[in-house]
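What follows is target-v6.cif (mmCIF, C-alpha atoms).
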```cif
data_coords
loop_
_atom_site.group_PDB
_atom_site.id
_atom_site.type_symbol
_atom_site.label_atom_id
_atom_site.label_comp_id
_atom_site.auth_asym_id
_atom_site.auth_seq_id
_atom_site.Cartn_x
_atom_site.Cartn_y
_atom_site.Cartn_z
ATOM 1 C CA MET H 1 -2.794 8.930 -21.789
ATOM 2 C CA LYS H 2 0.755 7.754 -22.369
ATOM 3 C CA GLU H 3 2.503 4.765 -23.859
ATOM 4 C CA ALA H 4 2.999 2.215 -21.106
ATOM 5 C CA LEU H 5 6.325 0.909 -19.929
ATOM 6 C CA PHE H 6 7.080 -2.788 -19.448
ATOM 7 C CA TYR H 7 5.288 -4.584 -22.240
ATOM 8 C CA LYS H 8 6.223 -6.487 -25.366
ATOM 9 C CA ASN H 9 4.625 -7.254 -28.719
ATOM 10 C CA ILE H 10 3.612 -10.818 -29.549
ATOM 11 C CA GLU H 11 3.723 -12.205 -33.061
ATOM 12 C CA SER H 12 0.371 -13.935 -33.613
ATOM 13 C CA ASN H 13 -1.134 -14.028 -37.099
ATOM 14 C CA ASN H 14 -0.852 -10.253 -37.486
ATOM 15 C CA ASP H 15 -3.445 -9.572 -34.764
ATOM 16 C CA LEU H 16 -1.155 -7.127 -32.866
ATOM 17 C CA LYS H 17 -1.221 -8.762 -29.445
ATOM 18 C CA VAL H 18 0.835 -7.315 -26.596
ATOM 19 C CA LYS H 19 1.877 -8.773 -23.255
ATOM 20 C CA CYS H 20 1.880 -6.371 -20.299
ATOM 21 C CA LEU H 21 4.835 -6.986 -17.981
ATOM 22 C CA LEU H 22 3.963 -4.554 -15.186
ATOM 23 C CA CYS H 23 2.328 -6.979 -12.775
ATOM 24 C CA PRO H 24 2.378 -10.771 -12.372
ATOM 25 C CA HIS H 25 -0.881 -11.187 -14.286
ATOM 26 C CA GLU H 26 1.172 -10.467 -17.423
ATOM 27 C CA CYS H 27 -2.010 -10.011 -19.439
ATOM 28 C CA THR H 28 -1.941 -10.889 -23.125
ATOM 29 C CA ILE H 29 -4.093 -8.154 -24.673
ATOM 30 C CA THR H 30 -5.536 -8.151 -28.158
ATOM 31 C CA ASP H 31 -5.990 -4.988 -30.191
ATOM 32 C CA GLY H 32 -8.648 -2.704 -28.716
ATOM 33 C CA LYS H 33 -8.915 -4.615 -25.428
ATOM 34 C CA LEU H 34 -7.944 -3.848 -21.831
ATOM 35 C CA GLY H 35 -5.853 -5.721 -19.302
ATOM 36 C CA ILE H 36 -7.285 -6.994 -16.009
ATOM 37 C CA CYS H 37 -6.583 -3.632 -14.339
ATOM 38 C CA GLY H 38 -8.955 -1.895 -16.755
ATOM 39 C CA VAL H 39 -6.610 1.000 -17.504
ATOM 40 C CA ARG H 40 -4.042 -0.396 -19.958
ATOM 41 C CA GLU H 41 -5.250 -0.767 -23.532
ATOM 42 C CA ASN H 42 -3.738 -2.270 -26.662
ATOM 43 C CA ARG H 43 -4.051 0.261 -29.469
ATOM 44 C CA SER H 44 -2.750 -1.178 -32.713
ATOM 45 C CA GLY H 45 0.067 -3.003 -30.978
ATOM 46 C CA LYS H 46 0.992 -0.179 -28.603
ATOM 47 C CA LEU H 47 0.088 -0.491 -24.913
ATOM 48 C CA ILE H 48 -1.446 2.734 -23.643
ATOM 49 C CA ALA H 49 -1.765 3.773 -19.985
ATOM 50 C CA LEU H 50 -5.232 5.305 -20.102
ATOM 51 C CA ASN H 51 -5.039 6.447 -16.483
ATOM 52 C CA TYR H 52 -1.957 8.649 -16.890
ATOM 53 C CA GLY H 53 -2.580 11.871 -14.943
ATOM 54 C CA ARG H 54 -6.195 10.987 -14.189
ATOM 55 C CA VAL H 55 -6.881 11.990 -10.568
ATOM 56 C CA ALA H 56 -10.230 10.726 -9.288
ATOM 57 C CA SER H 57 -9.861 11.625 -5.607
ATOM 58 C CA MET H 58 -7.794 14.093 -3.616
ATOM 59 C CA GLN H 59 -7.775 15.103 0.034
ATOM 60 C CA MET H 60 -5.486 15.902 2.936
ATOM 61 C CA ASP H 61 -5.065 13.079 5.441
ATOM 62 C CA PRO H 62 -3.111 12.439 8.617
ATOM 63 C CA ILE H 63 -0.177 10.203 7.703
ATOM 64 C CA GLU H 64 -1.491 7.783 10.346
ATOM 65 C CA LYS H 65 -4.600 7.218 8.220
ATOM 66 C CA LYS H 66 -2.618 5.448 5.468
ATOM 67 C CA PRO H 67 -1.759 3.801 7.931
ATOM 68 C CA LEU H 68 1.875 4.817 8.382
ATOM 69 C CA TYR H 69 2.813 5.163 12.048
ATOM 70 C CA HIS H 70 6.597 5.360 11.637
ATOM 71 C CA PHE H 71 6.859 7.961 8.878
ATOM 72 C CA HIS H 72 6.868 11.578 10.118
ATOM 73 C CA PRO H 73 4.310 10.915 12.884
ATOM 74 C CA GLY H 74 1.697 13.639 13.275
ATOM 75 C CA SER H 75 2.181 15.079 9.791
ATOM 76 C CA GLN H 76 -0.396 15.698 7.080
ATOM 77 C CA ILE H 77 -0.082 14.391 3.533
ATOM 78 C CA LEU H 78 -1.982 15.090 0.342
ATOM 79 C CA SER H 79 -3.572 11.860 -0.885
ATOM 80 C CA LEU H 80 -4.245 11.245 -4.568
ATOM 81 C CA GLY H 81 -6.223 8.363 -6.044
ATOM 82 C CA GLY H 82 -6.662 7.197 -9.599
ATOM 83 C CA VAL H 83 -8.921 4.525 -11.069
ATOM 84 C CA GLY H 84 -8.693 0.783 -11.606
ATOM 85 C CA CYS H 85 -7.016 -2.123 -9.838
ATOM 86 C CA ASN H 86 -5.226 -5.345 -10.726
ATOM 87 C CA PHE H 87 -7.099 -7.208 -7.979
ATOM 88 C CA ALA H 88 -10.827 -7.896 -7.615
ATOM 89 C CA CYS H 89 -11.185 -8.257 -3.837
ATOM 90 C CA ALA H 90 -14.631 -9.379 -2.748
ATOM 91 C CA PHE H 91 -14.322 -7.161 0.368
ATOM 92 C CA CYS H 92 -12.965 -4.021 -1.373
ATOM 93 C CA GLN H 93 -13.734 -0.761 0.458
ATOM 94 C CA ASN H 94 -13.088 1.489 -2.565
ATOM 95 C CA TRP H 95 -14.937 -0.390 -5.289
ATOM 96 C CA SER H 96 -16.195 2.812 -6.947
ATOM 97 C CA LEU H 97 -12.594 3.753 -7.694
ATOM 98 C CA VAL H 98 -11.630 0.254 -8.741
ATOM 99 C CA SER H 99 -14.525 0.018 -11.206
ATOM 100 C CA SER H 100 -13.164 3.082 -13.045
ATOM 101 C CA ASP H 101 -16.676 4.498 -13.465
ATOM 102 C CA ILE H 102 -16.269 7.854 -11.717
ATOM 103 C CA PRO H 103 -15.305 11.394 -12.777
ATOM 104 C CA TYR H 104 -11.653 12.422 -12.831
ATOM 105 C CA SER H 105 -9.501 15.438 -13.582
ATOM 106 C CA GLU H 106 -6.418 15.562 -15.795
ATOM 107 C CA THR H 107 -3.365 16.453 -13.690
ATOM 108 C CA PRO H 108 0.064 16.660 -15.341
ATOM 109 C CA PRO H 109 3.029 15.455 -13.244
ATOM 110 C CA GLU H 110 4.560 18.938 -13.022
ATOM 111 C CA ASP H 111 1.428 20.172 -11.209
ATOM 112 C CA VAL H 112 1.662 17.591 -8.417
ATOM 113 C CA PRO H 113 4.416 19.250 -6.321
ATOM 114 C CA GLN H 114 2.517 22.532 -6.482
ATOM 115 C CA LEU H 115 -0.615 20.799 -5.214
ATOM 116 C CA ALA H 116 1.340 19.409 -2.265
ATOM 117 C CA LYS H 117 2.873 22.783 -1.424
ATOM 118 C CA LYS H 118 -0.462 24.548 -1.790
ATOM 119 C CA HIS H 119 -1.876 22.268 0.917
ATOM 120 C CA ASN H 120 1.251 22.464 3.124
ATOM 121 C CA SER H 121 1.754 18.744 2.670
ATOM 122 C CA ILE H 122 4.984 16.829 3.285
ATOM 123 C CA GLY H 123 4.454 15.094 -0.045
ATOM 124 C CA ILE H 124 2.024 12.860 -1.886
ATOM 125 C CA ALA H 125 0.394 9.593 -0.842
ATOM 126 C CA TYR H 126 -0.744 7.586 -3.846
ATOM 127 C CA THR H 127 -3.679 5.642 -2.461
ATOM 128 C CA TYR H 128 -7.419 4.804 -2.506
ATOM 129 C CA ASN H 129 -7.267 2.596 -5.614
ATOM 130 C CA GLU H 130 -4.170 0.542 -6.566
ATOM 131 C CA PRO H 131 -1.371 3.052 -7.277
ATOM 132 C CA LEU H 132 1.017 0.580 -8.904
ATOM 133 C CA ILE H 133 -1.174 0.456 -12.023
ATOM 134 C CA TRP H 134 -0.660 4.259 -12.162
ATOM 135 C CA TYR H 135 2.941 3.331 -12.808
ATOM 136 C CA GLU H 136 4.005 5.789 -15.507
ATOM 137 C CA PHE H 137 2.368 8.687 -13.664
ATOM 138 C CA LEU H 138 4.018 7.580 -10.402
ATOM 139 C CA LEU H 139 7.429 7.663 -12.023
ATOM 140 C CA ASP H 140 6.964 11.096 -13.542
ATOM 141 C CA SER H 141 5.149 12.882 -10.727
ATOM 142 C CA GLY H 142 7.257 11.101 -8.094
ATOM 143 C CA ALA H 143 10.450 12.392 -9.715
ATOM 144 C CA LYS H 144 9.005 15.924 -9.715
ATOM 145 C CA ASN H 145 8.179 15.564 -6.028
ATOM 146 C CA LYS H 146 11.704 14.435 -5.160
ATOM 147 C CA ASP H 147 13.178 17.364 -7.087
ATOM 148 C CA ALA H 148 10.947 19.665 -5.019
ATOM 149 C CA GLY H 149 12.076 18.098 -1.717
ATOM 150 C CA LEU H 150 8.773 16.278 -1.161
ATOM 151 C CA TYR H 151 8.064 12.683 -0.131
ATOM 152 C CA ASN H 152 6.370 9.890 -2.091
ATOM 153 C CA VAL H 153 4.226 7.346 -0.257
ATOM 154 C CA LEU H 154 2.395 4.304 -1.632
ATOM 155 C CA VAL H 155 -0.565 2.448 -0.126
ATOM 156 C CA THR H 156 -0.575 -0.687 -2.232
ATOM 157 C CA ASN H 157 -1.445 -4.350 -2.643
ATOM 158 C CA GLY H 158 2.186 -4.980 -3.634
ATOM 159 C CA PHE H 159 1.262 -6.967 -6.765
ATOM 160 C CA ILE H 160 3.971 -5.906 -9.207
ATOM 161 C CA ASN H 161 6.814 -7.556 -11.086
ATOM 162 C CA GLN H 162 10.299 -7.114 -9.697
ATOM 163 C CA LYS H 163 11.844 -5.224 -12.641
ATOM 164 C CA PRO H 164 9.366 -2.315 -12.615
ATOM 165 C CA LEU H 165 9.412 -2.300 -8.805
ATOM 166 C CA LYS H 166 13.190 -1.879 -8.756
ATOM 167 C CA LYS H 167 12.911 1.037 -11.168
ATOM 168 C CA LEU H 168 10.291 2.713 -8.968
ATOM 169 C CA LEU H 169 11.740 2.201 -5.479
ATOM 170 C CA PRO H 170 14.482 4.877 -5.611
ATOM 171 C CA ILE H 171 11.823 7.608 -5.526
ATOM 172 C CA ILE H 172 9.555 5.942 -2.917
ATOM 173 C CA ASP H 173 10.075 6.956 0.708
ATOM 174 C CA ALA H 174 7.483 4.800 2.448
ATOM 175 C CA MET H 175 4.962 2.081 1.626
ATOM 176 C CA ASN H 176 2.070 0.469 3.402
ATOM 177 C CA ILE H 177 1.621 -2.931 1.769
ATOM 178 C CA ASP H 178 -1.618 -4.834 2.217
ATOM 179 C CA LEU H 179 -0.840 -8.488 2.941
ATOM 180 C CA LYS H 180 -4.250 -10.149 2.746
ATOM 181 C CA SER H 181 -3.465 -13.733 3.754
ATOM 182 C CA MET H 182 -0.598 -16.182 4.101
ATOM 183 C CA HIS H 183 -2.398 -18.612 1.788
ATOM 184 C CA ASP H 184 -2.190 -18.453 -1.981
ATOM 185 C CA SER H 185 -5.649 -20.033 -2.154
ATOM 186 C CA PHE H 186 -7.088 -16.934 -0.422
ATOM 187 C CA TYR H 187 -5.541 -14.650 -3.021
ATOM 188 C CA LYS H 188 -6.811 -16.773 -5.900
ATOM 189 C CA GLU H 189 -10.351 -17.148 -4.557
ATOM 190 C CA HIS H 190 -11.017 -13.747 -3.017
ATOM 191 C CA CYS H 191 -8.672 -11.340 -4.825
ATOM 192 C CA LYS H 192 -7.967 -12.965 -8.208
ATOM 193 C CA GLY H 193 -4.251 -12.647 -7.506
ATOM 194 C CA ARG H 194 -1.331 -14.544 -5.995
ATOM 195 C CA LEU H 195 0.546 -14.410 -2.709
ATOM 196 C CA ASN H 196 4.225 -14.877 -3.602
ATOM 197 C CA PRO H 197 4.651 -11.659 -5.642
ATOM 198 C CA VAL H 198 3.322 -9.680 -2.666
ATOM 199 C CA LYS H 199 5.779 -11.378 -0.317
ATOM 200 C CA GLU H 200 8.596 -10.589 -2.754
ATOM 201 C CA THR H 201 7.535 -6.938 -2.881
ATOM 202 C CA ILE H 202 7.641 -6.656 0.916
ATOM 203 C CA GLY H 203 11.137 -8.117 1.058
ATOM 204 C CA LEU H 204 12.535 -5.957 -1.742
ATOM 205 C CA ALA H 205 10.818 -2.764 -0.606
ATOM 206 C CA ASN H 206 12.144 -3.225 2.945
ATOM 207 C CA GLU H 207 15.666 -2.927 1.551
ATOM 208 C CA ASN H 208 14.931 0.459 0.001
ATOM 209 C CA SER H 209 12.084 2.223 1.822
ATOM 210 C CA LEU H 210 10.229 2.346 5.108
ATOM 211 C CA VAL H 211 7.693 -0.495 4.923
ATOM 212 C CA GLU H 212 4.618 -1.026 7.055
ATOM 213 C CA VAL H 213 2.196 -3.911 6.515
ATOM 214 C CA THR H 214 -1.570 -4.066 6.959
ATOM 215 C CA TYR H 215 -3.419 -7.349 7.551
ATOM 216 C CA LEU H 216 -7.224 -7.274 7.487
ATOM 217 C CA ILE H 217 -8.514 -9.937 9.884
ATOM 218 C CA ILE H 218 -11.663 -11.561 8.481
ATOM 219 C CA PRO H 219 -13.568 -13.939 10.811
ATOM 220 C CA GLY H 220 -13.379 -17.563 9.773
ATOM 221 C CA VAL H 221 -11.230 -16.745 6.743
ATOM 222 C CA ASN H 222 -7.740 -15.626 7.811
ATOM 223 C CA ASP H 223 -8.020 -15.182 11.579
ATOM 224 C CA SER H 224 -6.707 -18.462 13.000
ATOM 225 C CA ASP H 225 -3.774 -18.587 15.407
ATOM 226 C CA GLU H 226 -1.822 -20.421 12.711
ATOM 227 C CA ASP H 227 -2.508 -17.595 10.242
ATOM 228 C CA ILE H 228 -1.216 -14.933 12.628
ATOM 229 C CA ILE H 229 1.830 -17.017 13.586
ATOM 230 C CA ALA H 230 2.728 -17.549 9.924
ATOM 231 C CA LEU H 231 2.266 -13.837 9.199
ATOM 232 C CA SER H 232 4.425 -12.808 12.158
ATOM 233 C CA LYS H 233 7.188 -15.285 11.329
ATOM 234 C CA PHE H 234 7.293 -14.159 7.706
ATOM 235 C CA LEU H 235 7.728 -10.505 8.688
ATOM 236 C CA LYS H 236 10.181 -11.324 11.470
ATOM 237 C CA ASP H 237 12.410 -13.184 9.025
ATOM 238 C CA ILE H 238 12.554 -10.049 6.856
ATOM 239 C CA ASN H 239 12.796 -7.488 9.645
ATOM 240 C CA PRO H 240 11.207 -7.728 13.136
ATOM 241 C CA ASP H 241 10.982 -3.919 13.170
ATOM 242 C CA ILE H 242 8.451 -3.813 10.304
ATOM 243 C CA PRO H 243 5.289 -2.262 11.789
ATOM 244 C CA LEU H 244 2.281 -4.554 11.442
ATOM 245 C CA HIS H 245 -1.222 -3.086 11.405
ATOM 246 C CA LEU H 246 -3.896 -5.625 12.298
ATOM 247 C CA SER H 247 -7.081 -4.140 10.881
ATOM 248 C CA ARG H 248 -10.610 -5.022 11.968
ATOM 249 C CA TYR H 249 -12.863 -6.193 9.147
ATOM 250 C CA PHE H 250 -16.360 -4.845 8.470
ATOM 251 C CA PRO H 251 -18.656 -6.132 5.696
ATOM 252 C CA HIS H 252 -18.001 -4.538 2.301
ATOM 253 C CA ARG H 253 -19.006 -5.183 -1.271
ATOM 254 C CA SER H 254 -19.987 -8.880 -1.612
ATOM 255 C CA PHE H 255 -18.380 -10.068 1.640
ATOM 256 C CA ASN H 256 -20.994 -10.379 4.390
ATOM 257 C CA ALA H 257 -19.092 -12.052 7.231
ATOM 258 C CA PRO H 258 -19.782 -10.330 10.580
ATOM 259 C CA PRO H 259 -17.309 -7.731 11.878
ATOM 260 C CA THR H 260 -14.206 -9.124 13.547
ATOM 261 C CA PRO H 261 -14.802 -9.614 17.290
ATOM 262 C CA PRO H 262 -12.608 -7.381 19.498
ATOM 263 C CA GLU H 263 -11.337 -10.455 21.356
ATOM 264 C CA THR H 264 -10.017 -11.867 18.072
ATOM 265 C CA MET H 265 -8.133 -8.625 17.472
ATOM 266 C CA SER H 266 -6.677 -8.720 20.970
ATOM 267 C CA LYS H 267 -5.550 -12.333 20.634
ATOM 268 C CA ALA H 268 -3.947 -11.674 17.246
ATOM 269 C CA HIS H 269 -2.150 -8.659 18.709
ATOM 270 C CA ASN H 270 -0.722 -10.759 21.525
ATOM 271 C CA ILE H 271 0.449 -13.490 19.147
ATOM 272 C CA ALA H 272 2.115 -11.061 16.738
ATOM 273 C CA ARG H 273 3.855 -9.193 19.571
ATOM 274 C CA GLU H 274 5.767 -12.367 20.408
ATOM 275 C CA SER H 275 7.663 -12.003 17.108
ATOM 276 C CA LEU H 276 7.461 -8.343 16.110
ATOM 277 C CA ASN H 277 8.492 -5.135 17.853
ATOM 278 C CA TYR H 278 5.662 -2.953 16.558
ATOM 279 C CA VAL H 279 2.106 -4.283 16.270
ATOM 280 C CA TYR H 280 -0.885 -1.962 15.978
ATOM 281 C CA ILE H 281 -4.676 -2.342 15.952
ATOM 282 C CA GLY H 282 -6.817 -0.554 13.354
ATOM 283 C CA ASN H 283 -10.574 0.043 12.917
ATOM 284 C CA LEU H 284 -11.153 -0.567 16.619
ATOM 285 C CA MET H 285 -11.054 1.888 19.506
ATOM 286 C CA THR H 286 -9.010 0.222 22.252
ATOM 287 C CA ASP H 287 -6.691 1.169 25.090
ATOM 288 C CA PHE H 288 -3.926 -0.890 23.491
ATOM 289 C CA GLY H 289 -2.424 -1.256 20.036
ATOM 290 C CA SER H 290 -2.183 2.434 19.130
ATOM 291 C CA ASN H 291 0.939 3.744 20.850
ATOM 292 C CA SER H 292 4.565 3.135 19.891
ATOM 293 C CA TYR H 293 7.064 1.990 22.539
ATOM 294 C CA CYS H 294 10.823 1.583 22.402
ATOM 295 C CA PRO H 295 11.598 -2.123 21.956
ATOM 296 C CA SER H 296 14.707 -1.712 24.128
ATOM 297 C CA CYS H 297 13.548 0.271 27.168
ATOM 298 C CA ASN H 298 9.750 0.430 26.648
ATOM 299 C CA ALA H 299 9.699 4.226 26.710
ATOM 300 C CA LEU H 300 6.563 5.767 25.215
ATOM 301 C CA LEU H 301 7.650 7.073 21.816
ATOM 302 C CA VAL H 302 4.388 8.166 20.230
ATOM 303 C CA GLU H 303 0.947 8.377 21.828
ATOM 304 C CA ARG H 304 -2.103 8.145 19.553
ATOM 305 C CA THR H 305 -5.780 8.756 20.209
ATOM 306 C CA GLY H 306 -7.593 8.292 16.941
ATOM 307 C CA TYR H 307 -5.583 10.437 14.532
ATOM 308 C CA ARG H 308 -4.408 12.796 17.284
ATOM 309 C CA THR H 309 -0.692 12.156 17.731
ATOM 310 C CA THR H 310 1.661 13.252 20.507
ATOM 311 C CA ILE H 311 5.422 12.743 20.281
ATOM 312 C CA HIS H 312 7.045 11.765 23.572
ATOM 313 C CA ASP H 313 10.431 10.014 23.655
ATOM 314 C CA LEU H 314 10.952 9.797 19.883
ATOM 315 C CA LEU H 315 13.766 11.981 18.554
ATOM 316 C CA LYS H 316 13.608 11.511 14.770
ATOM 317 C CA ASP H 317 14.831 7.898 14.560
ATOM 318 C CA LYS H 318 16.106 7.419 18.125
ATOM 319 C CA CYS H 319 14.703 6.819 21.568
ATOM 320 C CA SER H 320 15.559 9.875 23.644
ATOM 321 C CA LYS H 321 15.680 7.704 26.791
ATOM 322 C CA CYS H 322 18.142 4.974 25.763
ATOM 323 C CA GLN H 323 19.426 6.279 22.386
ATOM 324 C CA THR H 324 18.409 3.088 20.565
ATOM 325 C CA LYS H 325 18.156 3.625 16.814
ATOM 326 C CA LEU H 326 14.569 2.909 15.729
ATOM 327 C CA ASN H 327 12.721 2.040 12.550
ATOM 328 C CA PHE H 328 11.202 5.514 12.261
ATOM 329 C CA ILE H 329 11.617 8.360 9.778
ATOM 330 C CA GLY H 330 10.812 11.692 11.328
#
```
Take the structure in the file and give it back as structure tokens.
Amino acid sequence: MKEALFYKNIESNNDLKVKCLLCPHECTITDGKLGICGVRENRSGKLIALNYGRVASMQMDPIEKKPLYHFHPGSQILSLGGVGCNFACAFCQNWSLVSSDIPYSETPPEDVPQLAKKHNSIGIAYTYNEPLIWYEFLLDSGAKNKDAGLYNVLVTNGFINQKPLKKLLPIIDAMNIDLKSMHDSFYKEHCKGRLNPVKETIGLANENSLVEVTYLIIPGVNDSDEDIIALSKFLKDINPDIPLHLSRYFPHRSFNAPPTPPETMSKAHNIARESLNYVYIGNLMTDFGSNSYCPSCNALLVERTGYRTTIHDLLKDKCSKCQTKLNFIG
């Protein structure tokens, strides 16, 4: 546990309320209660990050599993997960972590670089639950990683206020941000959140780190042509080189819509490719949507079969055929 950053006390009849300023919920929390995320508690007027150093899941993953296709392709990264979330998505795939009701181990920040090196990892991916509510631990362990020459990666819903995000970004090398819909009504109904803060995070993060975006296509909910066009235009206006991962939906938690038809995935891929240089397909084995091609000369940069990755005409951040500088870090 550690005192949280980004909160303020509220004068209210001596009942010691605090307002958390980490994410756009900006929860007002009375003494002894928790915020929406379930891991920040008001203790006598002091906001405590209960999840500091609490690691609930750890394993080595291909970097492509995050998914990050443009960050050191073919490498392995140690993935750490905590507990809790500031969303309540009806289709959540990691609800056991979000509910905070699982065992965990206490891991001090100074131990994190040693864990990465022990597993021959390029760094740490903070993932599985929502890492941004692990904020104080991210700052401390992320700084230790940078000092040790390791990378920091986030897999996140992007729901954070701008001030704490700006403080965090200098130590973040890459982010996959989950953009769930282009409609605020979707966020309010299905995630108990809001759209605009996520859009702001994508724009700001793109100025500082490598950003990739995942969009889960749910039949009859966010899969219309208009949805995909709006998504593609939004990303294009920020940077047409942002990789977009269109992910196939399968029923989870309380969402029981049928799996996304392959033809819907194919159509969405074609629409997005009209605006964006890199569009990928996830959760579906296909003969398209996995490989990376140079947007200038169409040379095959990276070939992928599942998580097996072969580098072809990618030379760090350039196409070896035409020398075009690419949105890759390798």
Evaluate the PyMOL selection byres ((chain H and resi 112) around 12) on the structure here and hand back the selected residues as a tab-separated table (two decimals) with C-alpha atoms, in the coordinates of the input.
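Written output follows (expr.tsv):
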```tsv
chain	number	residue	atom	x	y	z
H	53	GLY	CA	-2.58	11.87	-14.94
H	54	ARG	CA	-6.20	10.99	-14.19
H	55	VAL	CA	-6.88	11.99	-10.57
H	58	MET	CA	-7.79	14.09	-3.62
H	78	LEU	CA	-1.98	15.09	0.34
H	79	SER	CA	-3.57	11.86	-0.88
H	80	LEU	CA	-4.24	11.24	-4.57
H	106	GLU	CA	-6.42	15.56	-15.80
H	107	THR	CA	-3.36	16.45	-13.69
H	108	PRO	CA	0.06	16.66	-15.34
H	109	PRO	CA	3.03	15.46	-13.24
H	110	GLU	CA	4.56	18.94	-13.02
H	111	ASP	CA	1.43	20.17	-11.21
H	113	PRO	CA	4.42	19.25	-6.32
H	114	GLN	CA	2.52	22.53	-6.48
H	115	LEU	CA	-0.62	20.80	-5.21
H	116	ALA	CA	1.34	19.41	-2.26
H	117	LYS	CA	2.87	22.78	-1.42
H	118	LYS	CA	-0.46	24.55	-1.79
H	119	HIS	CA	-1.88	22.27	0.92
H	121	SER	CA	1.75	18.74	2.67
H	123	GLY	CA	4.45	15.09	-0.04
H	124	ILE	CA	2.02	12.86	-1.89
H	125	ALA	CA	0.39	9.59	-0.84
H	126	TYR	CA	-0.74	7.59	-3.85
H	137	PHE	CA	2.37	8.69	-13.66
H	138	LEU	CA	4.02	7.58	-10.40
H	140	ASP	CA	6.96	11.10	-13.54
H	141	SER	CA	5.15	12.88	-10.73
H	142	GLY	CA	7.26	11.10	-8.09
H	143	ALA	CA	10.45	12.39	-9.72
H	144	LYS	CA	9.01	15.92	-9.72
H	145	ASN	CA	8.18	15.56	-6.03
H	146	LYS	CA	11.70	14.44	-5.16
H	147	ASP	CA	13.18	17.36	-7.09
H	148	ALA	CA	10.95	19.66	-5.02
H	150	LEU	CA	8.77	16.28	-1.16
H	151	TYR	CA	8.06	12.68	-0.13
H	152	ASN	CA	6.37	9.89	-2.09
```
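Of note, atom CA of Pro240 of chain H and atom CA of Gly289 of chain H are spaced 16.6 Å apart.
Picture a line from atom CA of His72 of chain H to atom CA of Ile329 of chain H; it runs 5.7 Å.
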Subject >> Result set, the PyMOL selection byres ((chain H and resi 10-16) around 8) on current file, as a list in words >> reply: Lys8, Asn9, Lys17, Val18, Lys19, Thr30, Asp31, Ser44 and Gly45 of chain H
**OP:** I would like the residues chosen by the PyMOL selection byres ((chain H and resi 93) around 10) on the shown file; could you give them as a PyMOL selection string?
**Re:** chain H and resi 89-92+94-98+128-129+250-253
**OP:** Check the smallest atom-to-atom distance from each of H:Asn161, H:Thr286, H:Thr310, H:Ser275 to Pro24 of chain H using all atoms listed in the file, then report the winner.
**Re:** H:Asn161
With 9 Å as the cut-off and all atoms listed in the file counted, what is the closest atom pair between each nearby residue of segment 221-281 of chain H and segment 183-194 of chain H? Distances in Å to one decimal, ordered by chain and number, as a tab-separated table.
```
residue	atom	partner	partner_atom	distance
H:Val221	CA	H:Phe186	CA	8.3
H:Asn222	CA	H:Phe186	CA	8.4
H:Asp227	CA	H:His183	CA	8.5
```
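For Ala49 of chain H, the list of residues within 7 Å, based on all atoms listed in the file and with local chain neighbours fewer than 3 positions off taken out, reads Met1, Lys2, Glu3, Ala4, Val39, Arg40, Glu41 and Tyr52 of chain H.
You can rank H:His70, H:Ser232, H:Asp237, H:Lys267 by their closest distance to Tyr293 of chain H using only C-alpha atoms, and at the top of that list sits H:His70.
The spacing separating atom CA of Asp287 of chain H from atom CA of Thr156 of chain H amounts to 28.1 Å.
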Subject >> Best match for closeness to Ser247 of chain H among H:Phe234, H:Tyr135, H:Tyr278, H:Tyr215, counting only C-alpha atoms >> reply: H:Tyr215
Original post:
Could you pull the residues within 6 Å of Ala56 of chain H, counting all atoms listed in the file, minus those fewer than 5 positions along the same chain, as a PyMOL selection string?
Top reply: chain H and resi 81-82+104
Original post:
Which residues, written as a list in words, have at least one atom at most 12 Å from Ser266 of chain H, with all atoms listed in the file counted and residues fewer than 6 positions away on the same chain left out?
Top reply: Ile217, Asp223, Asp225, Ile228, Leu246, Ser247, Arg248, Thr260, Ala272, Arg273, Val279, Tyr280, Ile281, Gly282, Leu284, Met285, Thr286, Asp287, Phe288 and Gly289 of chain H
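With all atoms listed in the file as the atoms that count, the residue of H:Val198, H:Ala174, H:Cys297, H:Leu165 with the shortest distance to Glu136 of chain H is H:Leu165.
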What are the nearest atom pairs, with distances in Å to one decimal, for all residues of segment 213-328 of chain H that come at most 10 Å from segment 60-66 of chain H, using only C-alpha atoms, set out by chain and rising residue number as a tab-separated table?
```
residue	atom	partner	partner_atom	distance
H:Thr214	CA	H:Lys66	CA	9.7
H:Gly282	CA	H:Lys65	CA	9.6
H:Arg304	CA	H:Glu64	CA	9.2
H:Gly306	CA	H:Glu64	CA	9.0
H:Tyr307	CA	H:Glu64	CA	6.4
H:Arg308	CA	H:Pro62	CA	8.8
H:Thr309	CA	H:Glu64	CA	8.6
```
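Nearest to Tyr249 of chain H of all the residues H:Cys319, H:Leu216, H:Met265, H:Leu195 is H:Leu216, based on all atoms listed in the file.
If all atoms listed in the file are the atoms counted, then among H:Cys37, H:Ile238, H:Cys23, H:Ile177 the closest residue to Glu207 of chain H is H:Ile238.
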Using 8 Å of padding on each side, determine the axis-aligned box around all atoms of segment 79-98 of chain H present in the file and give its centre and edge lengths in Å to one decimal, as AutoDock Vina command-line options.
```
--center_x -9.9 --center_y 1.2 --center_z -5.6 --size_x 28.6 --size_y 37.2 --size_z 28.1
```
